[in-house]
Amino acid sequence: MTESIINFYELRRKQPRFQGIDAGHRACLGCGEALAARLVLESTGPDVIVANATGCLEVFTTPWPESAWRVPWLHSLFENAAAVAAGIEAALKAQGRQSKVLAFGGDGATFDIGFQALSGMLERGHNVLYVCFDNEAYMNTGIQRSSSTPHAAATTTSPAGKQRMGKRHLKKDIVSIIAAHHIPYAATASVAFPSDLRKKVRRAMAIDGATFLQIHCPCPLGWGHESEESIAVARLAVQTGLFPMIELERGELTGAMPIREQKPVVDYLKPQARFRHLFADDARAREELEHLQALADHNIEIYKLLGSGVDALDSEGADTVRRGGNRWG
Amino acid sequence: MRQTLEGSQAIAKTVALCRPQVVAAYPITPQTHIVENISKLVADGALQCELVSVESEFSAASVVLGAAAAGARAYTASASQGILLMSEVLFNIAGLRIPLVLTCANRAVGAPLSIWNDQQDSMAVRDAGWIQLYCADNQEAVDTTVQAFRIAEQCELPVMVCVDGFTLTHTLEPIDVPDQDLVDQYLPPYHFARALQPRQPLSLGTLVAPDYYAEARHSHHQAMLHAKALIAQCDRQWQELSGRASGGLFEVHGASDARIGILALGSIVGTLLDAHAAHVQRDDVQIIKLRSLRPFPGAELAVALSGLSDLVVVERALSPGGGGIVGVEIRSAFHYHGVNVRVHNVAVGLGGRDVPLSTLDRILDLVAHGSAEEFQILDVQLDKLPPEDR
């Protein structure tokens, strides 16, 4: 009998990838951040040193005396991952060593408390790839709002109530601020598009200088969706235009993943409990939904995200084509 | 060879002799010339090192943390508000047991804003887990800086070299800056056993639950206590090479049968010794220079000073609502070790207030007249204050 069914396990075994974070860590089911970190390290390979900010990633990978890391890894504090990475890089330079230095931080560590150290590291042009795992709130401490939390999302410090429809402020446009440092390469990526994510990591790894990657990572606990929905939810963030997938070189936009067919933002918001209050029979809720749709439309307009027809690397094709699929023709 | 140098310049030259691979610093006010001088040495090609001009003191401490963890000898300098801004990182460096050397150019801490010298900054981070060595003059600052790298790298603890701001850092003195050969002989290249490297991927700074935290803290405390012998040994070894010692853990000047002792840290030791020699010349007075505040040589001090009737602890900082800082520790050590010495405690020279030679007479008068209080700011002028604050 001929083997007609593809044995995916066998295929995977034959295509060994470097696993920088090993199995057995304590992330929640469906954790976008754990997946993103694994994907990043698959692309960097083992010749890296990681400086990790305080946060979920640090906590769920290193409960002493265990560690999931197969690369040298240092956690110092919440707000200094970029500066610690800069110090490691300076040491490697002084010693004539070549390993790439990575800095990992969540959105709190990147957008808020560690922002100054990050800006300094980028300005000085250290050979560091800074990866922000953006799950849009302080998940490790109990889902408090950060400056990355989207407008109208409910968190424990921006709850919805009679007087409030969740977070009153906008999500900080971090990648534009980063790009304004005129670093060689800054990009956004999503766990829903692993091939695209890997490509962007490889691009950053090839650059001798400061580079930045913002990865959209769903948090089932904080966003309030089913754990098996993580990838679908992350994909909808891209397909609606709420999370634009862009690349910037020296501050100039050089790439954007086209959206083949724009989905309405309610498709993205509905599966998530953090937006549940927006679906109440309430004029304010309807107004906020309009705001969010306008934000998505604005992204699509400024980044010219609406593709013209079928593109192998658009929002429907990008996650399959580089795995030899190209099932969209 | 003795040269006339500003303290900051001498410290910078000495740091360069120690062959640091990474130096990071931020010019917070108040700033010293240490890092400026190091920058010039790098610009002139006299020192090969990565100089990282960071955007804050917080990042200065973080950069040298990362550099030392990656196996590079690293150095930074700070003072006052800068020390307080980096204090979270200072605790972290010590807890991670990262060997580093930091010069603290001691200054007051605002508010009220003061850029002048006292020792409130280093006292505020007394519990950070760093070794703290206080220098009485610029020669000691030079010699202690060389020793600090050796101490830090041998016991994997960071060392803060405390040098009085302005009084030492901005003062010209004849200083013997050692030869490169001598420093190389004393200070082997830095090798960090836990260095970050892909061939041996270690995880540093992991999450520790209550089942291990107490053990980690105990181990840190023990390492600090063990460092006492190392600090004394490194000073002796430096003396064998250079002919100069800086006083080990502490140093007692004056007659061994003296009845009154005066203990101080930093540059006022020189003032007290000069006053003792020139003005008072009483052979019943000892001047004690405390060099190592952390680790604190409590038992050793109790033995050395047990013959005194009175000890006056003179310090350049205070704990408002508590009193003296060093004074309390000395009282505690004497009490535990059963030493019956009356301990008086005064603060002088706060926020750069001049400490004249007559200070010694005033202190001795207080002891003689039995009018010393548990703690007092000696040179406070109460008539400047509203009645309710006196």
# chains A, B, ... in the order shown; residues from 1 in each chain; ligands from 1

$ interface_residues --of "chain B" --to "chain A" --cutoff "9 Å" --atoms "only C-alpha atoms" --output "ChimeraX atom specification"
/B:21-22,24,48-56,58-74,88-89,92-93,96,195-209,212

$ residues_around --residues "region 141-155 of chain B" --least-positions-apart "2" --cutoff "9 Å" --atoms "only C-alpha atoms" --output "ChimeraX atom specification"
/B:7,10-15,17-18,73,97-103,131,133-139,157-163,168,175-178,183,186-188,190-192,223-224,226-227,230-231,234-235,238,242,244-246

$ write_last_selection --atoms "C-alpha atoms" --output "mmCIF file, in the first residue's frame"
data_model
loop_
_atom_site.group_PDB
_atom_site.id
_atom_site.type_symbol
_atom_site.label_atom_id
_atom_site.label_comp_id
_atom_site.auth_asym_id
_atom_site.auth_seq_id
_atom_site.Cartn_x
_atom_site.Cartn_y
_atom_site.Cartn_z
ATOM 1 C CA GLY B 7 41.328 63.324 42.370
ATOM 2 C CA ALA B 10 43.939 60.233 39.210
ATOM 3 C CA ILE B 11 40.979 57.860 39.528
ATOM 4 C CA ALA B 12 40.429 57.929 35.759
ATOM 5 C CA LYS B 13 44.100 57.144 35.099
ATOM 6 C CA THR B 14 43.915 54.303 37.603
ATOM 7 C CA VAL B 15 40.757 52.860 36.080
ATOM 8 C CA LEU B 17 45.478 50.991 34.240
ATOM 9 C CA CYS B 18 43.001 48.306 35.305
ATOM 10 C CA ARG B 73 35.719 43.988 33.007
ATOM 11 C CA ARG B 97 26.708 38.331 42.040
ATOM 12 C CA ILE B 98 28.179 40.293 39.131
ATOM 13 C CA PRO B 99 31.698 41.636 39.770
ATOM 14 C CA LEU B 100 31.810 45.362 39.004
ATOM 15 C CA VAL B 101 33.534 48.458 40.287
ATOM 16 C CA LEU B 102 31.701 51.754 40.741
ATOM 17 C CA THR B 103 33.188 54.981 42.067
ATOM 18 C CA ILE B 131 31.011 45.972 49.214
ATOM 19 C CA LEU B 133 35.034 50.953 50.817
ATOM 20 C CA TYR B 134 35.521 54.587 51.941
ATOM 21 C CA CYS B 135 38.673 56.490 50.979
ATOM 22 C CA ALA B 136 40.321 59.057 53.243
ATOM 23 C CA ASP B 137 42.425 60.710 50.534
ATOM 24 C CA ASN B 138 43.093 60.535 46.808
ATOM 25 C CA GLN B 139 46.035 58.163 47.176
ATOM 26 C CA LEU B 157 30.555 40.805 44.494
ATOM 27 C CA PRO B 158 30.368 44.375 43.215
ATOM 28 C CA VAL B 159 32.507 46.992 44.943
ATOM 29 C CA MET B 160 31.581 50.641 45.475
ATOM 30 C CA VAL B 161 34.624 52.833 46.031
ATOM 31 C CA CYS B 162 33.345 55.831 47.995
ATOM 32 C CA VAL B 163 35.323 59.017 47.445
ATOM 33 C CA LEU B 168 38.652 64.629 47.075
ATOM 34 C CA ILE B 175 49.474 61.265 44.029
ATOM 35 C CA ASP B 176 51.493 58.211 43.103
ATOM 36 C CA VAL B 177 49.678 56.614 40.182
ATOM 37 C CA PRO B 178 51.128 53.095 39.875
ATOM 38 C CA VAL B 183 48.857 46.865 38.148
ATOM 39 C CA TYR B 186 48.432 42.589 40.808
ATOM 40 C CA LEU B 187 45.319 42.298 38.664
ATOM 41 C CA PRO B 188 44.985 39.188 36.462
ATOM 42 C CA TYR B 190 38.998 39.112 34.305
ATOM 43 C CA HIS B 191 37.520 35.677 33.966
ATOM 44 C CA PHE B 192 33.840 35.255 34.835
ATOM 45 C CA ALA B 223 29.864 35.895 50.704
ATOM 46 C CA MET B 224 29.936 39.426 52.118
ATOM 47 C CA HIS B 226 33.874 36.047 53.774
ATOM 48 C CA ALA B 227 34.935 39.133 51.835
ATOM 49 C CA LEU B 230 39.749 39.116 51.233
ATOM 50 C CA ILE B 231 39.592 42.917 51.619
ATOM 51 C CA CYS B 234 44.114 42.403 48.977
ATOM 52 C CA ASP B 235 45.261 45.509 50.850
ATOM 53 C CA TRP B 238 48.952 45.659 47.262
ATOM 54 C CA SER B 242 53.386 49.207 45.908
ATOM 55 C CA ARG B 244 51.201 51.453 50.352
ATOM 56 C CA ALA B 245 48.252 50.109 52.307
ATOM 57 C CA SER B 246 44.850 51.744 52.623
#

$ residues_around --residues "region 260-273 of chain A" --least-positions-apart "2" --cutoff "10 Å" --atoms "only C-alpha atoms" --output "ChimeraX atom specification"
/A:153-155,220-226,229,232-242,257-258,275-279,289-290,292-297,300,305-317

$ write_last_selection --atoms "N, CA and C atoms" --output "short mmCIF file (atom, residue, chain, number, x, y, z; two decimals), in the first residue's frame"
data_model
loop_
_atom_site.label_atom_id
_atom_site.label_comp_id
_atom_site.auth_asym_id
_atom_site.auth_seq_id
_atom_site.Cartn_x
_atom_site.Cartn_y
_atom_site.Cartn_z
N ALA A 153 -10.50 48.72 24.92
CA ALA A 153 -10.35 47.39 25.51
C ALA A 153 -10.48 47.49 27.03
N ALA A 154 -11.16 46.52 27.62
CA ALA A 154 -11.29 46.48 29.08
C ALA A 154 -10.11 45.71 29.66
N THR A 155 -9.48 46.30 30.66
CA THR A 155 -8.47 45.58 31.44
C THR A 155 -8.83 45.81 32.90
N PRO A 220 -4.78 34.52 25.57
CA PRO A 220 -6.15 34.04 25.81
C PRO A 220 -6.71 34.49 27.15
N LEU A 221 -5.84 34.54 28.16
CA LEU A 221 -6.28 34.93 29.49
C LEU A 221 -6.67 36.41 29.53
N GLY A 222 -5.81 37.25 28.95
CA GLY A 222 -6.02 38.69 29.03
C GLY A 222 -7.03 39.21 28.01
N TRP A 223 -7.11 38.54 26.87
CA TRP A 223 -8.02 39.00 25.83
C TRP A 223 -9.40 38.35 25.96
N GLY A 224 -9.40 37.23 26.66
CA GLY A 224 -10.67 36.56 26.89
C GLY A 224 -11.22 35.84 25.67
N HIS A 225 -10.35 35.07 25.03
CA HIS A 225 -10.85 34.19 23.96
C HIS A 225 -10.41 32.77 24.26
N GLU A 226 -10.96 31.81 23.53
CA GLU A 226 -10.58 30.41 23.76
C GLU A 226 -9.11 30.21 23.37
N GLU A 229 -8.18 29.53 19.85
CA GLU A 229 -8.51 30.59 18.89
C GLU A 229 -7.38 31.59 18.68
N ALA A 232 -6.32 32.32 15.07
CA ALA A 232 -7.42 32.91 14.30
C ALA A 232 -7.64 34.37 14.71
N VAL A 233 -7.58 34.63 16.01
CA VAL A 233 -7.77 36.00 16.51
C VAL A 233 -6.63 36.90 16.00
N ALA A 234 -5.39 36.41 16.11
CA ALA A 234 -4.24 37.20 15.66
C ALA A 234 -4.35 37.49 14.16
N ARG A 235 -4.83 36.52 13.40
CA ARG A 235 -4.95 36.71 11.95
C ARG A 235 -6.00 37.78 11.64
N LEU A 236 -7.09 37.77 12.42
CA LEU A 236 -8.15 38.77 12.21
C LEU A 236 -7.65 40.19 12.51
N ALA A 237 -6.73 40.31 13.47
CA ALA A 237 -6.18 41.64 13.78
C ALA A 237 -5.49 42.22 12.54
N VAL A 238 -4.86 41.34 11.77
CA VAL A 238 -4.19 41.77 10.53
C VAL A 238 -5.21 41.99 9.42
N GLN A 239 -6.13 41.05 9.29
CA GLN A 239 -7.10 41.10 8.19
C GLN A 239 -8.07 42.29 8.29
N THR A 240 -8.29 42.77 9.54
CA THR A 240 -9.19 43.93 9.70
C THR A 240 -8.44 45.25 9.50
N GLY A 241 -7.12 45.20 9.58
CA GLY A 241 -6.34 46.44 9.47
C GLY A 241 -6.00 47.03 10.83
N LEU A 242 -6.46 46.40 11.92
CA LEU A 242 -6.15 46.94 13.24
C LEU A 242 -4.67 46.77 13.60
N MET A 257 2.24 44.22 4.32
CA MET A 257 1.55 43.01 3.87
C MET A 257 0.15 43.41 3.38
N PRO A 258 -0.16 43.17 2.09
CA PRO A 258 -1.48 43.56 1.59
C PRO A 258 -2.58 42.71 2.22
N PHE A 275 -13.54 43.07 24.73
CA PHE A 275 -14.37 44.01 23.96
C PHE A 275 -15.87 43.72 24.11
N ARG A 276 -16.22 42.84 25.04
CA ARG A 276 -17.61 42.39 25.15
C ARG A 276 -18.57 43.57 25.35
N HIS A 277 -18.14 44.56 26.14
CA HIS A 277 -19.01 45.70 26.46
C HIS A 277 -19.37 46.52 25.22
N LEU A 278 -18.61 46.31 24.14
CA LEU A 278 -18.90 47.06 22.92
C LEU A 278 -20.09 46.48 22.16
N PHE A 279 -20.56 45.32 22.60
CA PHE A 279 -21.68 44.68 21.91
C PHE A 279 -22.97 44.76 22.72
N LEU A 289 -17.42 51.22 18.57
CA LEU A 289 -17.20 50.30 17.44
C LEU A 289 -16.88 51.09 16.17
N GLU A 290 -17.58 52.21 16.01
CA GLU A 290 -17.29 53.06 14.85
C GLU A 290 -15.87 53.61 14.92
N LEU A 292 -13.31 52.25 16.39
CA LEU A 292 -12.33 51.18 16.11
C LEU A 292 -12.30 50.86 14.62
N GLN A 293 -13.47 50.88 13.99
CA GLN A 293 -13.50 50.64 12.54
C GLN A 293 -12.74 51.77 11.81
N ALA A 294 -12.92 52.98 12.32
CA ALA A 294 -12.23 54.12 11.70
C ALA A 294 -10.71 53.99 11.86
N LEU A 295 -10.28 53.48 13.03
CA LEU A 295 -8.84 53.29 13.25
C LEU A 295 -8.27 52.28 12.26
N ALA A 296 -9.02 51.18 12.06
CA ALA A 296 -8.58 50.17 11.09
C ALA A 296 -8.54 50.75 9.68
N ASP A 297 -9.59 51.50 9.33
CA ASP A 297 -9.64 52.11 7.99
C ASP A 297 -8.48 53.08 7.80
N ILE A 300 -5.35 51.20 7.07
CA ILE A 300 -5.38 50.69 5.69
C ILE A 300 -5.06 51.79 4.70
N LEU A 305 -2.92 49.34 2.56
CA LEU A 305 -2.90 47.91 2.83
C LEU A 305 -3.82 47.11 1.91
N LEU A 306 -4.77 47.78 1.25
CA LEU A 306 -5.68 47.00 0.42
C LEU A 306 -5.00 46.57 -0.87
N GLY A 307 -4.82 45.27 -1.01
CA GLY A 307 -4.14 44.74 -2.19
C GLY A 307 -5.04 44.81 -3.41
N SER A 308 -4.44 44.65 -4.58
CA SER A 308 -5.23 44.61 -5.81
C SER A 308 -5.20 43.17 -6.31
N GLY A 309 -6.19 42.41 -5.91
CA GLY A 309 -6.25 41.02 -6.35
C GLY A 309 -5.45 40.10 -5.46
N VAL A 310 -4.99 39.01 -6.04
CA VAL A 310 -4.34 37.95 -5.27
C VAL A 310 -2.83 38.16 -5.27
N ASP A 311 -2.26 38.14 -4.07
CA ASP A 311 -0.81 38.27 -3.92
C ASP A 311 -0.36 37.10 -3.04
N ALA A 312 0.66 36.39 -3.50
CA ALA A 312 1.10 35.20 -2.76
C ALA A 312 1.54 35.55 -1.34
N LEU A 313 1.95 36.81 -1.14
CA LEU A 313 2.43 37.20 0.20
C LEU A 313 1.44 38.12 0.90
N ASP A 314 0.18 38.06 0.54
CA ASP A 314 -0.80 38.91 1.23
C ASP A 314 -1.36 38.20 2.46
N SER A 315 -2.37 38.81 3.07
CA SER A 315 -2.88 38.30 4.34
C SER A 315 -3.47 36.90 4.24
N GLU A 316 -3.75 36.45 3.04
CA GLU A 316 -4.29 35.08 2.88
C GLU A 316 -3.20 34.08 2.48
N GLY A 317 -2.11 34.59 1.89
CA GLY A 317 -1.10 33.67 1.36
C GLY A 317 0.19 33.61 2.14
#

$ select_by_dssp --residues "region 168-229 of chain A" --states "strand (DSSP E)" --output "list in words"
Tyr185, Ala186, Ala187, Thr188, Ala189, Ser190, Thr211, Phe212, Leu213, Gln214, Ile215 and His216 of chain A

$ write_last_selection --atoms "C-alpha atoms" --output "PDB file, in the first residue's frame"
ATOM      1  CA  TYR A 185      15.190  48.069  10.164  1.00  0.00           C
ATOM      2  CA  ALA A 186      11.958  48.038  12.162  1.00  0.00           C
ATOM      3  CA  ALA A 187       8.980  45.802  11.451  1.00  0.00           C
ATOM      4  CA  THR A 188       5.728  44.465  12.818  1.00  0.00           C
ATOM      5  CA  ALA A 189       4.853  40.776  12.694  1.00  0.00           C
ATOM      6  CA  SER A 190       2.232  38.425  14.028  1.00  0.00           C
ATOM      7  CA  THR A 211      16.780  46.571  14.721  1.00  0.00           C
ATOM      8  CA  PHE A 212      13.289  46.247  16.154  1.00  0.00           C
ATOM      9  CA  LEU A 213      10.475  43.782  15.766  1.00  0.00           C
ATOM     10  CA  GLN A 214       6.992  44.155  17.271  1.00  0.00           C
ATOM     11  CA  ILE A 215       5.144  40.841  17.322  1.00  0.00           C
ATOM     12  CA  HIS A 216       1.408  40.764  17.929  1.00  0.00           C
TER      13      HIS A 216
END

$ atom_distance --atom1 "CA of Ser371 (chain B)" --atom2 "CA of Met123 (chain B)"
26.9 Å

$ atom_distance --atom1 "CA of Asp127 (chain B)" --atom2 "CA of Glu329 (chain B)"
12.7 Å

$ residues_around --residues "Ile260 (chain B)" --least-positions-apart "5" --cutoff "6 Å" --atoms "only C-alpha atoms" --output "list in words"
Val285, Leu308, Asp310 and Leu311 of chain B
